[in-house]
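Trainee: Sharing data32.txt below, compact mmCIF, C-alpha atoms:
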# COMPACT_ATOMS: atom_id res chain seq x y z
CA MET I 1 0.93 8.30 -2.46
CA SER I 2 1.52 11.90 -1.51
CA ASN I 3 4.44 12.45 -3.87
CA MET I 4 2.95 13.45 -7.22
CA ASP I 5 6.23 12.89 -9.09
CA VAL I 6 6.46 9.27 -7.89
CA ARG I 7 2.82 8.72 -8.79
CA LYS I 8 3.57 9.93 -12.31
CA ASP I 9 6.48 7.47 -12.60
CA PHE I 10 4.25 4.54 -11.64
CA TYR I 11 1.53 5.84 -13.96
CA GLU I 12 4.05 5.80 -16.83
CA PHE I 13 5.12 2.31 -15.78
CA GLY I 14 1.49 1.19 -16.03
CA LYS I 15 1.09 2.73 -19.49
CA ASN I 16 4.18 0.96 -20.78
CA MET I 17 3.11 -2.35 -19.25
CA GLN I 18 -0.21 -2.04 -21.05
CA ILE I 19 1.67 -1.75 -24.35
CA VAL I 20 3.76 -4.77 -23.35
CA ALA I 21 0.59 -6.75 -22.65
CA ILE I 22 -1.01 -5.83 -25.98
CA CYS I 23 2.17 -6.57 -27.95
CA THR I 24 2.53 -9.92 -26.17
CA VAL I 25 -0.98 -10.88 -27.24
CA LEU I 26 -0.20 -9.81 -30.81
CA THR I 27 2.79 -12.16 -30.94
CA LEU I 28 0.21 -14.84 -31.70
CA VAL I 29 -0.23 -13.09 -35.04
CA THR I 30 3.19 -11.58 -35.72
CA GLY I 31 6.48 -12.16 -33.96
CA VAL I 32 7.79 -8.62 -34.44
CA THR I 33 5.54 -7.36 -31.67
CA GLY I 34 7.55 -9.51 -29.25
CA LEU I 35 10.54 -7.27 -29.91
CA ILE I 36 8.38 -4.19 -29.37
CA ALA I 37 7.17 -5.66 -26.08
CA LEU I 38 10.78 -6.19 -24.99
CA ILE I 39 11.63 -2.57 -25.78
CA PHE I 40 8.73 -1.28 -23.70
CA ILE I 41 9.63 -3.60 -20.83
CA PHE I 42 12.97 -1.85 -20.58
CA ILE I 43 11.27 1.54 -20.87
CA ALA I 44 9.06 0.45 -17.95
CA LEU I 45 12.17 -0.55 -16.00
CA GLY I 46 13.39 3.00 -16.61
CA ASN I 47 10.21 4.29 -14.99
CA ILE I 48 10.91 2.11 -11.96
CA LYS I 49 14.46 3.43 -11.81
CA THR I 50 13.21 7.03 -11.87
CA ALA I 51 10.69 6.29 -9.13
CA ASN I 52 13.32 4.61 -7.01
CA LEU I 53 15.57 7.66 -7.19
CA LYS I 54 12.94 9.27 -4.97
CA LEU I 55 11.92 6.23 -2.91
CA ASN I 56 15.28 4.47 -2.51
CA ASN I 57 13.53 1.14 -1.95
CA GLU I 58 15.62 -2.05 -1.91
CA TYR I 59 12.83 -4.18 -3.41
CA LEU I 60 12.50 -1.92 -6.45
CA GLU I 61 16.25 -1.93 -6.93
CA GLU I 62 16.38 -5.72 -6.64
CA PHE I 63 13.50 -6.05 -9.09
CA ARG I 64 15.35 -4.06 -11.74
CA SER I 65 18.73 -5.71 -11.23
CA LYS I 66 17.30 -9.26 -11.12
CA TYR I 67 15.20 -8.72 -14.23
CA VAL I 68 18.12 -7.29 -16.21
CA LYS I 69 20.32 -10.14 -14.98
CA ALA I 70 17.71 -12.69 -16.08
CA PHE I 71 17.53 -11.10 -19.54
CA ILE I 72 21.32 -11.13 -20.01
CA LEU I 73 21.58 -14.73 -18.85
CA ARG I 74 18.78 -15.74 -21.21
CA ILE I 75 20.55 -14.13 -24.16
CA CYS I 76 23.87 -15.77 -23.22
CA GLY I 77 22.14 -19.13 -22.85
CA ALA I 78 20.52 -18.81 -26.28
CA ILE I 79 23.85 -17.95 -27.91
CA VAL I 80 25.69 -20.85 -26.26
CA LEU I 81 22.89 -23.24 -27.20
CA MET I 82 23.04 -22.15 -30.84
CA LEU I 83 26.81 -22.64 -30.85
CA GLY I 84 26.43 -26.15 -29.46
CA VAL I 85 23.78 -27.16 -31.96
CA PHE I 86 25.56 -25.41 -34.83
CA SER I 87 28.84 -27.21 -34.16
CA LEU I 88 27.03 -30.55 -34.13
CA VAL I 89 25.23 -29.79 -37.40
CA LEU I 90 28.46 -28.66 -39.05
CA TYR I 91 30.14 -31.90 -38.06
CA LEU I 92 27.35 -33.91 -39.66
CA PHE I 93 27.75 -32.07 -42.98
CA PHE I 94 31.51 -31.36 -42.92
CA PRO I 95 33.13 -34.04 -40.75
CA SER I 96 36.56 -33.54 -42.32
CA TYR I 97 36.87 -30.06 -40.78
CA PHE I 98 36.58 -31.42 -37.24
CA PRO I 99 39.23 -33.42 -35.31
CA SER I 100 37.05 -36.35 -34.25
CA PHE I 101 33.51 -37.39 -33.51
CA TRP I 102 33.96 -37.65 -29.74
CA ILE I 103 35.67 -34.31 -29.39
CA THR I 104 32.93 -32.65 -31.40
CA ILE I 105 30.24 -34.38 -29.37
CA SER I 106 31.96 -33.39 -26.12
CA ILE I 107 32.14 -29.75 -27.16
CA SER I 108 28.55 -29.69 -28.34
CA VAL I 109 27.22 -31.38 -25.19
CA THR I 110 29.27 -29.05 -22.99
CA LEU I 111 27.87 -26.01 -24.78
CA ILE I 112 24.31 -27.33 -24.55
CA LEU I 113 24.66 -28.10 -20.82
CA THR I 114 26.15 -24.66 -20.27
CA SER I 115 23.16 -23.11 -22.00
CA LEU I 116 20.85 -25.05 -19.69
CA THR I 117 22.76 -23.69 -16.70
CA PHE I 118 22.29 -20.17 -18.05
CA GLY I 119 18.60 -20.90 -18.55
CA ILE I 120 18.04 -22.17 -15.02
CA THR I 121 19.94 -19.25 -13.50
CA SER I 122 17.93 -16.88 -15.67
CA LEU I 123 14.68 -18.48 -14.50
CA VAL I 124 15.63 -18.12 -10.83
CA ALA I 125 16.62 -14.48 -11.34
CA GLU I 126 13.35 -13.60 -13.11
CA MET I 127 11.22 -15.29 -10.46
CA LYS I 128 13.11 -13.40 -7.75
CA ALA I 129 12.58 -10.18 -9.71
CA TRP I 130 8.79 -10.54 -9.71
CA GLU I 131 8.89 -11.63 -6.06
CA ASN I 132 10.74 -8.43 -5.13
CA LEU I 133 8.24 -6.28 -6.99
CA LYS I 134 5.42 -8.13 -5.22
CA ARG I 135 7.01 -7.44 -1.83
CA PHE I 136 7.27 -3.76 -2.66
CA PHE I 137 3.56 -3.57 -3.46
CA GLU I 138 2.69 -5.60 -0.35
CA GLU I 139 4.70 -3.40 2.02
CA ASN I 140 3.56 -0.17 0.38
CA ARG I 141 -0.15 -0.77 -0.03
CA SER I 142 -0.89 2.66 1.39
CA MET I 143 0.84 4.28 -1.58
CA PHE I 144 -1.82 3.01 -3.98
CA PRO I 145 -5.63 2.82 -3.99
CA GLY I 146 -6.83 -0.45 -2.46
CA SER I 147 -8.44 -1.69 -5.66
CA ILE I 148 -5.16 -1.29 -7.52
CA SER I 149 -2.89 -2.79 -4.83
CA HIS I 150 -4.65 -6.15 -5.00
CA GLU I 151 -4.30 -6.26 -8.80
CA LEU I 152 -0.60 -5.39 -8.65
CA ILE I 153 0.23 -8.12 -6.14
CA GLU I 154 -1.76 -10.70 -8.08
CA GLY I 155 -0.10 -9.59 -11.31
CA CYS I 156 3.38 -10.20 -9.86
CA ASP I 157 2.28 -13.67 -8.76
CA LYS I 158 1.01 -14.45 -12.26
CA LEU I 159 4.26 -13.32 -13.87
CA LYS I 160 6.34 -15.30 -11.42
CA THR I 161 4.35 -18.44 -12.21
CA ALA I 162 4.51 -17.66 -15.93
CA ALA I 163 8.33 -17.56 -15.78
CA LEU I 164 8.37 -21.09 -14.35
CA LEU I 165 5.83 -22.43 -16.83
CA ASN I 166 7.64 -20.87 -19.79
CA ALA I 167 10.86 -22.56 -18.66
CA LEU I 168 8.97 -25.84 -19.08
CA GLY I 169 7.90 -24.78 -22.55
CA PHE I 170 8.95 -28.10 -24.06
CA LEU I 171 5.66 -29.32 -22.59
CA ILE I 172 3.12 -27.64 -24.85
CA ILE I 173 0.43 -27.29 -22.20
CA THR I 174 2.77 -25.49 -19.79
CA ALA I 175 3.83 -23.11 -22.56
CA ILE I 176 0.20 -22.24 -23.29
CA ILE I 177 -0.68 -21.71 -19.62
CA GLY I 178 2.52 -19.74 -19.09
CA PHE I 179 1.66 -17.44 -22.00
CA ILE I 180 -1.84 -16.83 -20.60
CA TYR I 181 -0.47 -16.10 -17.12
CA GLN I 182 2.10 -13.74 -18.57
CA VAL I 183 -0.51 -11.72 -20.46
CA ILE I 184 -2.78 -11.57 -17.41
CA GLY I 185 0.12 -10.46 -15.23
CA TYR I 186 1.10 -7.66 -17.62
CA PHE I 187 -2.47 -6.39 -17.80
CA LYS I 188 -2.76 -6.39 -14.00
CA LEU I 189 0.41 -4.30 -13.67
CA ALA I 190 -1.04 -2.03 -16.35
CA LYS I 191 -3.71 -1.04 -13.79
CA LEU I 192 -1.20 1.56 -12.63
CA ASN I 193 -2.18 3.63 -15.65
CA THR I 194 -5.45 4.41 -13.84
CA LEU I 195 -3.58 6.33 -11.14
CA ILE I 196 -4.28 9.52 -13.06
CA LEU I 197 -7.97 9.10 -12.20
CA TYR I 198 -7.08 9.49 -8.55
CA ASP I 199 -5.19 12.73 -9.21
CA VAL I 200 -8.35 14.62 -10.17
CA PRO I 201 -9.78 16.36 -7.10
CA LYS I 202 -13.36 15.43 -6.54
CA THR I 203 -15.80 18.16 -5.53
CA SER I 204 -19.16 17.50 -4.00
CA PRO I 205 -22.18 19.77 -4.31
CA ILE I 206 -22.95 22.05 -1.36
CA LYS I 207 -25.80 20.64 0.64
CA VAL I 208 -28.13 23.08 2.37
CA ASN I 209 -30.28 21.83 5.21
CA LEU I 210 -33.41 23.91 5.01
CA THR I 211 -34.68 22.63 8.34
CA GLU I 212 -31.83 24.22 10.33
CA PRO I 213 -32.29 27.81 11.48
CA ARG I 214 -29.73 30.05 9.89
CA ALA I 215 -28.76 33.60 10.72
CA ILE I 216 -29.45 35.89 7.82
CA ALA I 217 -27.38 39.00 7.57
CA ILE I 218 -29.44 42.05 6.66
CA THR I 219 -27.68 45.09 5.35
CA GLU I 220 -29.17 48.34 6.62
CA VAL I 221 -29.95 50.91 3.98
CA VAL I 222 -28.68 54.37 4.93
CA VAL I 223 -31.15 57.12 4.07
CA ASN I 224 -29.43 60.42 3.18
CA PHE I 225 -32.54 62.59 2.77
CA CYS I 226 -35.78 62.94 4.72
CA PRO I 227 -38.64 61.41 2.72
CA ASN I 228 -41.04 64.14 4.03
CA CYS I 229 -39.21 67.44 3.74
CA GLY I 230 -36.13 66.48 1.76
CA THR I 231 -33.67 67.66 4.38
CA LYS I 232 -30.28 65.97 4.22
CA VAL I 233 -29.76 63.72 7.23
CA SER I 234 -26.72 61.82 8.58
CA GLY I 235 -28.49 58.48 8.87
CA LEU I 236 -27.55 58.05 12.53
CA GLY I 237 -30.93 59.01 13.96
CA LYS I 238 -34.46 57.70 13.44
CA PHE I 239 -36.22 61.06 12.96
CA CYS I 240 -35.66 64.10 10.74
CA PRO I 241 -34.08 66.92 12.82
CA LEU I 242 -36.12 69.52 10.89
CA CYS I 243 -39.64 68.13 10.58
CA GLY I 244 -39.44 65.21 13.02
CA SER I 245 -40.65 62.68 10.45
CA ASP I 246 -39.63 59.03 10.78
CA ILE I 247 -36.77 58.38 8.31
CA ASN I 248 -36.44 54.59 8.87
Show me the file's structure as structure tokens.
Mentor:
Amino acid sequence: MSNMDVRKDFYEFGKNMQIVAICTVLTLVTGVTGLIALIFIFIALGNIKTANLKLNNEYLEEFRSKYVKAFILRICGAIVLMLGVFSLVLYLFFPSYFPSFWITISISVTLILTSLTFGITSLVAEMKAWENLKRFFEENRSMFPGSISHELIEGCDKLKTAALLNALGFLIITAIIGFIYQVIGYFKLAKLNTLILYDVPKTSPIKVNLTEPRAIAITEVVVNFCPNCGTKVSGLGKFCPLCGSDIN
């Protein structure tokens, strides 16, 4: 990457993804860190947006739009699901407030199925988002150090797989594997925070080969007075003009 501003944007993206990774791990202890992780994910998306203002890359733009779309669909799906379940629960406790059992069941089932549709669409959008980010890193390997490029591509693959496994979270084993893949993927994208190490110019010590002949410049000393008689001389000749002594 020759553009230092773009490198800084990706460096900031890596820093924020590291925070996301750490907060995701901490959700095993406290759920509030999940919200913090979500906040920093959107901050990281802002870093991608800033970088793309300079790069104008379609894959980066698709990554952002697909990820935001997946998030919105997931929220809508969760709300619709809660409405479906809530209406069913209310009917069980307060049946007199509802027209009939079958109408209530129909509404609840419709809402639940709609939430599943939102969930599937959200899953597809998130997987496409990570696929687009992967394609960007694949087609722009030269922008990053080789050791980092491999980690970034693998990280996108892990997150794409994690999205699928998390969608199958009703199977406990897939939820566990999906969580592990997600954390690994975040930490691999966090490798971008090492870009700053490649910004420091490296200097190597000057090596002198003592076996090679080298020309040594010798500065001639100009003598202004004759060492024998003390007569002032110009320094252009080799002998004193008065006494004839050698002045070299």
Trainee: Val68 of chain I: which residues within 12 Å, counting only C-alpha atoms, same-chain residues fewer than 2 positions away excluded, as JSON, numbers by chain?
Mentor: {"I": [38, 41, 42, 45, 46, 61, 62, 63, 64, 65, 66, 70, 71, 72, 73, 74, 75, 122, 123, 125, 126, 128, 129, 130]}
Trainee: Smallest atom-to-atom distance to Ile105 of chain I: which of I:Ile184, I:Ala21, I:Leu171, I:Leu90, using only C-alpha atoms?
Mentor: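 Of all the options, I:Leu90 lies closest to Ile105 of chain I.
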Trainee: Between atom CA of Asn16 of chain I and atom CA of Ile148 of chain I, what is the spacing in Å?
Mentor: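 Taking atom CA of Ile148 of chain I and atom CA of Asn16 of chain I, their separation equals 16.4 Å.
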Trainee: Just checking: using only C-alpha atoms, which residue out of I:Glu58, I:Asp9, I:Asp246, I:Asp157 ends up closest to Met127 of chain I?
Mentor: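 Closest to Met127 of chain I of all the choices is I:Asp157.
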Trainee: Return the single residue from I:Ala37, I:Leu81, I:Leu133, I:Ile172 that is closest to Asn57 of chain I, with distances computed using all atoms listed in the file.
Mentor: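 Closest to Asn57 of chain I of all the choices is I:Leu133.
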Trainee: Which one of I:Ile173, I:Tyr59, I:Thr194, I:Thr117 sits closest to Ser149 of chain I if you count all atoms listed in the file?
Mentor: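 Result for the nearest residue to Ser149 of chain I: I:Thr194.
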Trainee: Grab the atom CA of Ser115 of chain I to atom CA of Cys76 of chain I distance for me, in Å with one decimal place.
Mentor: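 If I compute the distance from atom CA of Ser115 of chain I to atom CA of Cys76 of chain I, I get 7.5 Å.
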Trainee: Using only C-alpha atoms, pick whichever of I:Phe136, I:Phe170, I:Phe40, I:Phe118 has the shortest atom-to-atom distance to Lys15 of chain I.
Mentor: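 That would be I:Phe40, the residue with the smallest distance to Lys15 of chain I.
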Trainee: Which value, in Å to one decimal, gives the distance between atom CA of Tyr181 of chain I and atom CA of Val25 of chain I?
Mentor: 11.4 Å
Trainee: So, with only C-alpha atoms as the atoms that count, which of I:Met143, I:Met4, I:Ala78, I:Ile43 lies closest to Leu113 of chain I?
Mentor: I:Ala78
Trainee: For a cutoff of 9 Å around the file-coordinate point (0.4, 11.2, -12.7), which residues qualify once you count all atoms listed in the file? I'd like the result as a PyMOL selection string.
Mentor: chain I and resi 4-12+193+195-199
Trainee: What's the 10 Å shell around Ala167 of chain I, counting only C-alpha atoms, without same-chain residues fewer than 6 positions away, as a VMD selection string?
Mentor: chain I and resid 119 to 120 122 to 123 174 to 175 178
